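Student: Quick one: the structure is below, and I'll ask about it shortly.
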Amino acid sequence: MTKPATTPPRTAPAVARTPEELDRLRANLGRVALVPTMGALHSGHRSLIAAARDHADTVVVSIFVNPLQFGPNEDYDRYPRTLDDDLAICAEDGVDVVFAPPVEVMYPGEQMVTVSPGRMGRVLEGEFRPGFFEGVLTVVNKLFNLVRPDVAIFGQKDAQQLSVVRRMVRDLCMPITVMGAPTVRDADGLATSSRNVYLSPEERTTALALSRALLSGADASVTGPVGILSAARAVLDEAALATPPVAVDYLALVDAHTFGEVPNDFRGEAVLAVAAWVGKTRLIDNVPLTL
Ligand code: AMP
């Protein structure tokens, strides 16, 4: 008789809510990889956790919905908070430590000193979400100082964030290796995101235009920047007439390192990036291209 397959028992991660608790867990951690998240964990986060496990002895996942990176009319209050489910996923994925501080621990008083992203933080996401990257870099800096990781893993899904964090680490001489992990998509092409739960079935169908537009742009890559942008734009223009419609904040082809728009004779690593609204949900997506 064959033995039924058994799943090895998983140990629940240690949970730290304060820097002191984190410090107590820090002894003998070996090489530490940090995966910063805002929780509501999905397959995208899980791919980052898997990458972290390949590069360190200890995997720390931080779960913190960072008020500093939300604008006054954004979704901070309704952002999904699912800590129990997140802890179960972390246990299943072999995460060693979850750092889930309350807001008062991360922001005990007025945050007077913040980290400026410079001009990279003023374009695309930075233009449509003023203060967003300052909020992101400030909290990432705090998390780096509290967790003191050797490696930190960020998703290519938020390509501009990944580049801005890389730049902060380089420009501020932080002793941390930043690693990017590819975007995880559902079978229909939609990039997985904690915000996808906001979408109705009809909105979700419309939202597929984002990944379709990027694919169309990528297919036109031999035609250069103008051809790429017009192929992607054609898909979005059509989706603007759908019910419900897509409303585009930006579609841009930028240098992957500076996030400046590329000239037509550009050669090198680029990112075709889109941000758009479907109903009350704002979605972003991108595809890396070598021109
Ligand atoms: P968030 O919880 O949305 O702040 O995301 C935490 C990290 O997960 C960030 O580095 C994101 O870029 C990454 N991430 C989110 N969605 C995906 C995805 N679909 N594929 C890969 N990484 C992702």
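Each chain of the structure tokens is named A, B, ... in the order shown, its residues numbered from 1; ligands are numbered from 1 in display order.
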Run DSSP on the backbone and grab whatever in segment 37-129 of chain A lands in strand (DSSP E); send it over as a list in words.
Tutor: Thr37, Thr58, Val59, Val60, Val61, Ser62, Ile63, Val97, Val98 and Phe99 of chain A
Student: Determine which residues of segment 86-248 of chain A receive a DSSP assignment of helix (DSSP H, G or I), computed from the backbone, and state them as a PyMOL selection string.
Tutor: chain A and resi 86-92+103-106+118-121+125-128+132-147+156-171+194-198+201-219+221-239
Student: Give me the residues near Glu104 of chain A as an mmCIF file with N, CA and C atoms, in the first residue's frame, where near means some atom within 12 Å (using only C-alpha atoms) and where sequence neighbours in that chain fewer than 3 positions away do not count.
Tutor:
```cif
data_model
loop_
_atom_site.group_PDB
_atom_site.id
_atom_site.type_symbol
_atom_site.label_atom_id
_atom_site.label_comp_id
_atom_site.auth_asym_id
_atom_site.auth_seq_id
_atom_site.Cartn_x
_atom_site.Cartn_y
_atom_site.Cartn_z
ATOM 1 N N ARG A 17 5.551 42.945 17.344
ATOM 2 C CA ARG A 17 4.728 44.148 17.159
ATOM 3 C C ARG A 17 5.530 45.421 17.443
ATOM 4 N N THR A 18 6.673 45.282 18.105
ATOM 5 C CA THR A 18 7.463 46.472 18.465
ATOM 6 C C THR A 18 8.931 46.233 18.119
ATOM 7 N N PRO A 19 9.709 47.299 18.022
ATOM 8 C CA PRO A 19 11.146 47.137 17.753
ATOM 9 C C PRO A 19 11.826 46.290 18.824
ATOM 10 N N PHE A 64 2.528 46.305 7.163
ATOM 11 C CA PHE A 64 2.229 47.615 7.731
ATOM 12 C C PHE A 64 1.592 48.486 6.657
ATOM 13 N N ASN A 66 1.005 51.767 5.505
ATOM 14 C CA ASN A 66 1.757 52.971 5.862
ATOM 15 C C ASN A 66 0.975 54.253 5.568
ATOM 16 N N PRO A 67 0.448 54.922 6.604
ATOM 17 C CA PRO A 67 -0.393 56.100 6.322
ATOM 18 C C PRO A 67 0.355 57.196 5.564
ATOM 19 N N ALA A 100 4.718 43.193 12.441
ATOM 20 C CA ALA A 100 3.425 43.840 12.150
ATOM 21 C C ALA A 100 3.161 44.917 13.193
ATOM 22 N N PRO A 101 3.857 46.043 13.075
ATOM 23 C CA PRO A 101 3.720 47.064 14.114
ATOM 24 C C PRO A 101 2.429 47.869 13.977
ATOM 25 N N TYR A 107 4.897 55.516 13.948
ATOM 26 C CA TYR A 107 4.794 56.988 13.966
ATOM 27 C C TYR A 107 4.335 57.455 15.341
ATOM 28 N N PRO A 108 5.246 57.433 16.324
ATOM 29 C CA PRO A 108 4.839 57.814 17.680
ATOM 30 C C PRO A 108 4.536 59.305 17.809
ATOM 31 N N GLY A 109 5.027 60.093 16.871
ATOM 32 C CA GLY A 109 4.748 61.539 16.923
ATOM 33 C C GLY A 109 4.817 62.077 15.512
ATOM 34 N N GLU A 110 4.899 63.393 15.405
ATOM 35 C CA GLU A 110 4.995 63.998 14.071
ATOM 36 C C GLU A 110 6.266 63.503 13.369
ATOM 37 N N GLN A 111 6.123 63.106 12.099
ATOM 38 C CA GLN A 111 7.297 62.665 11.335
ATOM 39 C C GLN A 111 7.930 63.903 10.704
#
```
Student: Could you list, as a ChimeraX atom specification, all the residues within 8 Å of ligand 1, counting only C-alpha atoms and all ligand atoms?
Tutor: /A:35-45,47-48,63,65,153-159,161-162,180-185,191-194
Student: Limited to C-alpha atoms, could you put the picked residues into a file as a JSON list (two decimals), in the first residue's frame?
Tutor:
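Contents of the output file part_22.json:
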```json
[["chain", "number", "residue", "atom", "x", "y", "z"],
["A", 35, "VAL", "CA", 9.96, 41.42, 2.31],
["A", 36, "PRO", "CA", 8.13, 44.70, 3.04],
["A", 37, "THR", "CA", 4.37, 44.49, 2.43],
["A", 38, "MET", "CA", 1.12, 46.17, 3.37],
["A", 39, "GLY", "CA", -0.51, 42.77, 3.98],
["A", 40, "ALA", "CA", -3.58, 41.26, 2.24],
["A", 41, "LEU", "CA", -0.99, 38.81, 0.96],
["A", 42, "HIS", "CA", -1.46, 37.20, -2.46],
["A", 43, "SER", "CA", 0.55, 35.24, -5.01],
["A", 44, "GLY", "CA", 2.73, 38.28, -5.83],
["A", 45, "HIS", "CA", 3.86, 38.62, -2.21],
["A", 47, "SER", "CA", 6.75, 34.93, -4.93],
["A", 48, "LEU", "CA", 8.79, 37.56, -3.07],
["A", 63, "ILE", "CA", 3.05, 43.96, 7.31],
["A", 65, "VAL", "CA", -0.30, 49.80, 5.95],
["A", 153, "ILE", "CA", 13.01, 42.01, -1.99],
["A", 154, "PHE", "CA", 10.62, 44.25, -3.93],
["A", 155, "GLY", "CA", 8.27, 43.43, -6.83],
["A", 156, "GLN", "CA", 8.73, 44.62, -10.39],
["A", 157, "LYS", "CA", 4.94, 45.15, -10.27],
["A", 158, "ASP", "CA", 5.77, 48.49, -8.60],
["A", 159, "ALA", "CA", 8.66, 49.20, -10.97],
["A", 161, "GLN", "CA", 9.11, 52.03, -6.36],
["A", 162, "LEU", "CA", 11.76, 49.35, -6.97],
["A", 180, "GLY", "CA", 13.61, 42.73, -7.76],
["A", 181, "ALA", "CA", 11.18, 39.88, -8.42],
["A", 182, "PRO", "CA", 9.05, 39.54, -11.59],
["A", 183, "THR", "CA", 5.37, 40.47, -11.66],
["A", 184, "VAL", "CA", 2.97, 37.65, -10.86],
["A", 185, "ARG", "CA", -0.25, 37.59, -12.91],
["A", 191, "ALA", "CA", -1.30, 41.51, -12.23],
["A", 192, "THR", "CA", -2.18, 40.27, -8.75],
["A", 193, "SER", "CA", -2.75, 43.11, -6.30],
["A", 194, "SER", "CA", -4.32, 43.59, -2.88]]
```
Student: Rank nothing, just name the residue among A:Ala242, A:Val165, A:Thr205, A:Asp249 nearest to Arg129 of chain A, using only C-alpha atoms.
Tutor: A:Asp249
Student: Could you give me, as a Markdown table, every segment 129-211 of chain A residue with an atom at most 6 Å from segment 114-123 of chain A, plus its closest atom pair and distance in Å to one decimal, counting only C-alpha atoms, rows ordered by chain then number?
Tutor:
```
| residue | atom | partner | partner_atom | distance |
| --- | --- | --- | --- | --- |
| A:Phe133 | CA | A:Gly121 | CA | 5.7 |
| A:Glu134 | CA | A:Ser116 | CA | 5.3 |
| A:Leu137 | CA | A:Val115 | CA | 5.8 |
| A:Thr138 | CA | A:Val115 | CA | 5.2 |
```
Student: From the list A:Val226, A:Ile176, A:Leu236, A:Ala247, which residue is nearest Pro263 of chain A when using only C-alpha atoms?
Tutor: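 Of the candidates, the smallest distance to Pro263 of chain A is held by A:Val226.
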Student: Leaving out segment 68-85 of chain A and any residue of its chain fewer than 3 positions from it, which residues lie within 6 Å of it when counting only C-alpha atoms, given as a list in words?
Tutor: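 Here the answer would be Ala40, Ala88, Phe132, Gly135 and Val136 of chain A.
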Student: Compile the contact shell of Val151 of chain A as a list of chain:residue names: residues with an atom at most 9 Å away, counting only C-alpha atoms, same-chain residues fewer than 5 positions apart removed.
Tutor: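 Residues near the query, excluding close chain neighbours: A:Arg31, A:Val32, A:Ala33, A:Leu34, A:Val35, A:Ala52, A:His55, A:Ala56, A:Ile176, A:Thr177, A:Val178, A:Met179.
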Student: Write the residues of the selection above to a file with all heavy atoms, as a JSON list (two decimals), in the first residue's frame.
Tutor:
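Final file, out06.json:
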```
[["chain", "number", "residue", "atom", "x", "y", "z"],
["A", 31, "ARG", "N", 21.85, 35.35, 7.92],
["A", 31, "ARG", "CA", 21.58, 36.32, 6.84],
["A", 31, "ARG", "C", 20.07, 36.54, 6.75],
["A", 31, "ARG", "O", 19.30, 35.59, 6.64],
["A", 31, "ARG", "CB", 22.11, 35.71, 5.55],
["A", 31, "ARG", "CG", 22.17, 36.62, 4.39],
["A", 31, "ARG", "CD", 22.92, 35.93, 3.24],
["A", 31, "ARG", "NE", 22.54, 36.48, 1.97],
["A", 31, "ARG", "CZ", 23.03, 37.62, 1.49],
["A", 31, "ARG", "NH1", 23.93, 38.30, 2.16],
["A", 31, "ARG", "NH2", 22.63, 38.08, 0.31],
["A", 32, "VAL", "N", 19.69, 37.81, 6.80],
["A", 32, "VAL", "CA", 18.26, 38.15, 6.90],
["A", 32, "VAL", "C", 17.75, 38.76, 5.59],
["A", 32, "VAL", "O", 18.37, 39.69, 5.04],
["A", 32, "VAL", "CB", 18.01, 39.15, 8.05],
["A", 32, "VAL", "CG1", 16.57, 39.63, 8.07],
["A", 32, "VAL", "CG2", 18.37, 38.52, 9.40],
["A", 33, "ALA", "N", 16.64, 38.26, 5.10],
["A", 33, "ALA", "CA", 15.97, 38.89, 3.95],
["A", 33, "ALA", "C", 14.65, 39.48, 4.42],
["A", 33, "ALA", "O", 13.88, 38.83, 5.14],
["A", 33, "ALA", "CB", 15.70, 37.86, 2.85],
["A", 34, "LEU", "N", 14.40, 40.72, 4.00],
["A", 34, "LEU", "CA", 13.16, 41.40, 4.37],
["A", 34, "LEU", "C", 12.25, 41.53, 3.14],
["A", 34, "LEU", "O", 12.69, 41.93, 2.07],
["A", 34, "LEU", "CB", 13.47, 42.80, 4.91],
["A", 34, "LEU", "CG", 12.25, 43.72, 5.13],
["A", 34, "LEU", "CD1", 11.33, 43.19, 6.23],
["A", 34, "LEU", "CD2", 12.71, 45.15, 5.47],
["A", 35, "VAL", "N", 10.98, 41.19, 3.33],
["A", 35, "VAL", "CA", 9.96, 41.42, 2.31],
["A", 35, "VAL", "C", 8.97, 42.43, 2.89],
["A", 35, "VAL", "O", 8.11, 42.06, 3.69],
["A", 35, "VAL", "CB", 9.23, 40.11, 1.92],
["A", 35, "VAL", "CG1", 8.15, 40.40, 0.87],
["A", 35, "VAL", "CG2", 10.20, 39.05, 1.42],
["A", 52, "ALA", "N", 13.01, 35.38, -1.27],
["A", 52, "ALA", "CA", 13.74, 35.71, -0.03],
["A", 52, "ALA", "C", 14.34, 34.44, 0.59],
["A", 52, "ALA", "O", 15.48, 34.45, 1.05],
["A", 52, "ALA", "CB", 12.79, 36.38, 0.96],
["A", 55, "HIS", "N", 17.63, 33.40, -0.69],
["A", 55, "HIS", "CA", 18.78, 34.29, -0.53],
["A", 55, "HIS", "C", 19.16, 34.57, 0.91],
["A", 55, "HIS", "O", 19.97, 35.47, 1.17],
["A", 55, "HIS", "CB", 18.52, 35.63, -1.25],
["A", 55, "HIS", "CG", 18.56, 35.46, -2.74],
["A", 55, "HIS", "ND1", 17.46, 35.16, -3.48],
["A", 55, "HIS", "CD2", 19.60, 35.50, -3.60],
["A", 55, "HIS", "CE1", 17.81, 35.03, -4.75],
["A", 55, "HIS", "NE2", 19.11, 35.24, -4.84],
["A", 56, "ALA", "N", 18.54, 33.87, 1.86],
["A", 56, "ALA", "CA", 18.84, 34.19, 3.26],
["A", 56, "ALA", "C", 18.54, 33.01, 4.16],
["A", 56, "ALA", "O", 17.89, 32.05, 3.77],
["A", 56, "ALA", "CB", 17.98, 35.39, 3.68],
["A", 176, "ILE", "N", 22.71, 47.31, 2.09],
["A", 176, "ILE", "CA", 21.63, 46.36, 1.83],
["A", 176, "ILE", "C", 21.60, 46.04, 0.34],
["A", 176, "ILE", "O", 21.77, 46.94, -0.49],
["A", 176, "ILE", "CB", 20.26, 46.97, 2.25],
["A", 176, "ILE", "CG1", 20.22, 47.13, 3.77],
["A", 176, "ILE", "CG2", 19.08, 46.14, 1.76],
["A", 176, "ILE", "CD1", 19.03, 47.87, 4.29],
["A", 177, "THR", "N", 21.40, 44.78, 0.01],
["A", 177, "THR", "CA", 21.21, 44.41, -1.40],
["A", 177, "THR", "C", 19.72, 44.42, -1.71],
["A", 177, "THR", "O", 18.94, 43.76, -1.03],
["A", 177, "THR", "CB", 21.76, 42.98, -1.65],
["A", 177, "THR", "OG1", 23.12, 42.96, -1.23],
["A", 177, "THR", "CG2", 21.65, 42.59, -3.10],
["A", 178, "VAL", "N", 19.34, 45.20, -2.72],
["A", 178, "VAL", "CA", 17.93, 45.24, -3.12],
["A", 178, "VAL", "C", 17.74, 44.31, -4.31],
["A", 178, "VAL", "O", 18.47, 44.39, -5.29],
["A", 178, "VAL", "CB", 17.50, 46.67, -3.50],
["A", 178, "VAL", "CG1", 16.07, 46.67, -4.05],
["A", 178, "VAL", "CG2", 17.61, 47.58, -2.29],
["A", 179, "MET", "N", 16.77, 43.42, -4.19],
["A", 179, "MET", "CA", 16.50, 42.49, -5.29],
["A", 179, "MET", "C", 15.09, 42.71, -5.82],
["A", 179, "MET", "O", 14.16, 42.93, -5.04],
["A", 179, "MET", "CB", 16.59, 41.05, -4.81],
["A", 179, "MET", "CG", 18.02, 40.63, -4.53],
["A", 179, "MET", "SD", 18.05, 38.88, -4.13],
["A", 179, "MET", "CE", 16.89, 38.25, -5.31]]
```
Student: Fewer than 5 positions away in the same chain doesn't count, so skip those; otherwise give me all residues within 10 Å of Arg204 of chain A, counting only C-alpha atoms, as a list in words.
Tutor: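 Everything that qualifies: Leu190, Asn196, Val197, Tyr198, Leu199, Ala209, Pro244, Val278 and Gly279 of chain A.
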Student: In Å, rounded to a single decimal, give me how far atom CA of Gln160 of chain A is from atom CA of Pro288 of chain A.
Tutor: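 Atom CA of Pro288 of chain A sits 11.2 Å away from atom CA of Gln160 of chain A.
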Student: Calculated over only C-alpha atoms, which of the candidates A:Thr243, A:Leu283, A:Met174, A:Ala50 has the smallest distance to Ile89 of chain A?
Tutor: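 For Ile89 of chain A, the nearest of the candidates is A:Ala50.
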Student: Let me make sure I understand: among A:Ser221, A:Leu172, A:Ala231, A:Ala239, which one has the smallest atom-to-atom distance to Val271 of chain A if we use only C-alpha atoms?
Tutor: A:Ser221
Student: Write out as a ChimeraX atom specification the residues lying within 10 Å of Asp23 of chain A, counting only C-alpha atoms and excluding same-chain residues fewer than 3 positions away.
Tutor: /A:16,18-20,26-27,146-148
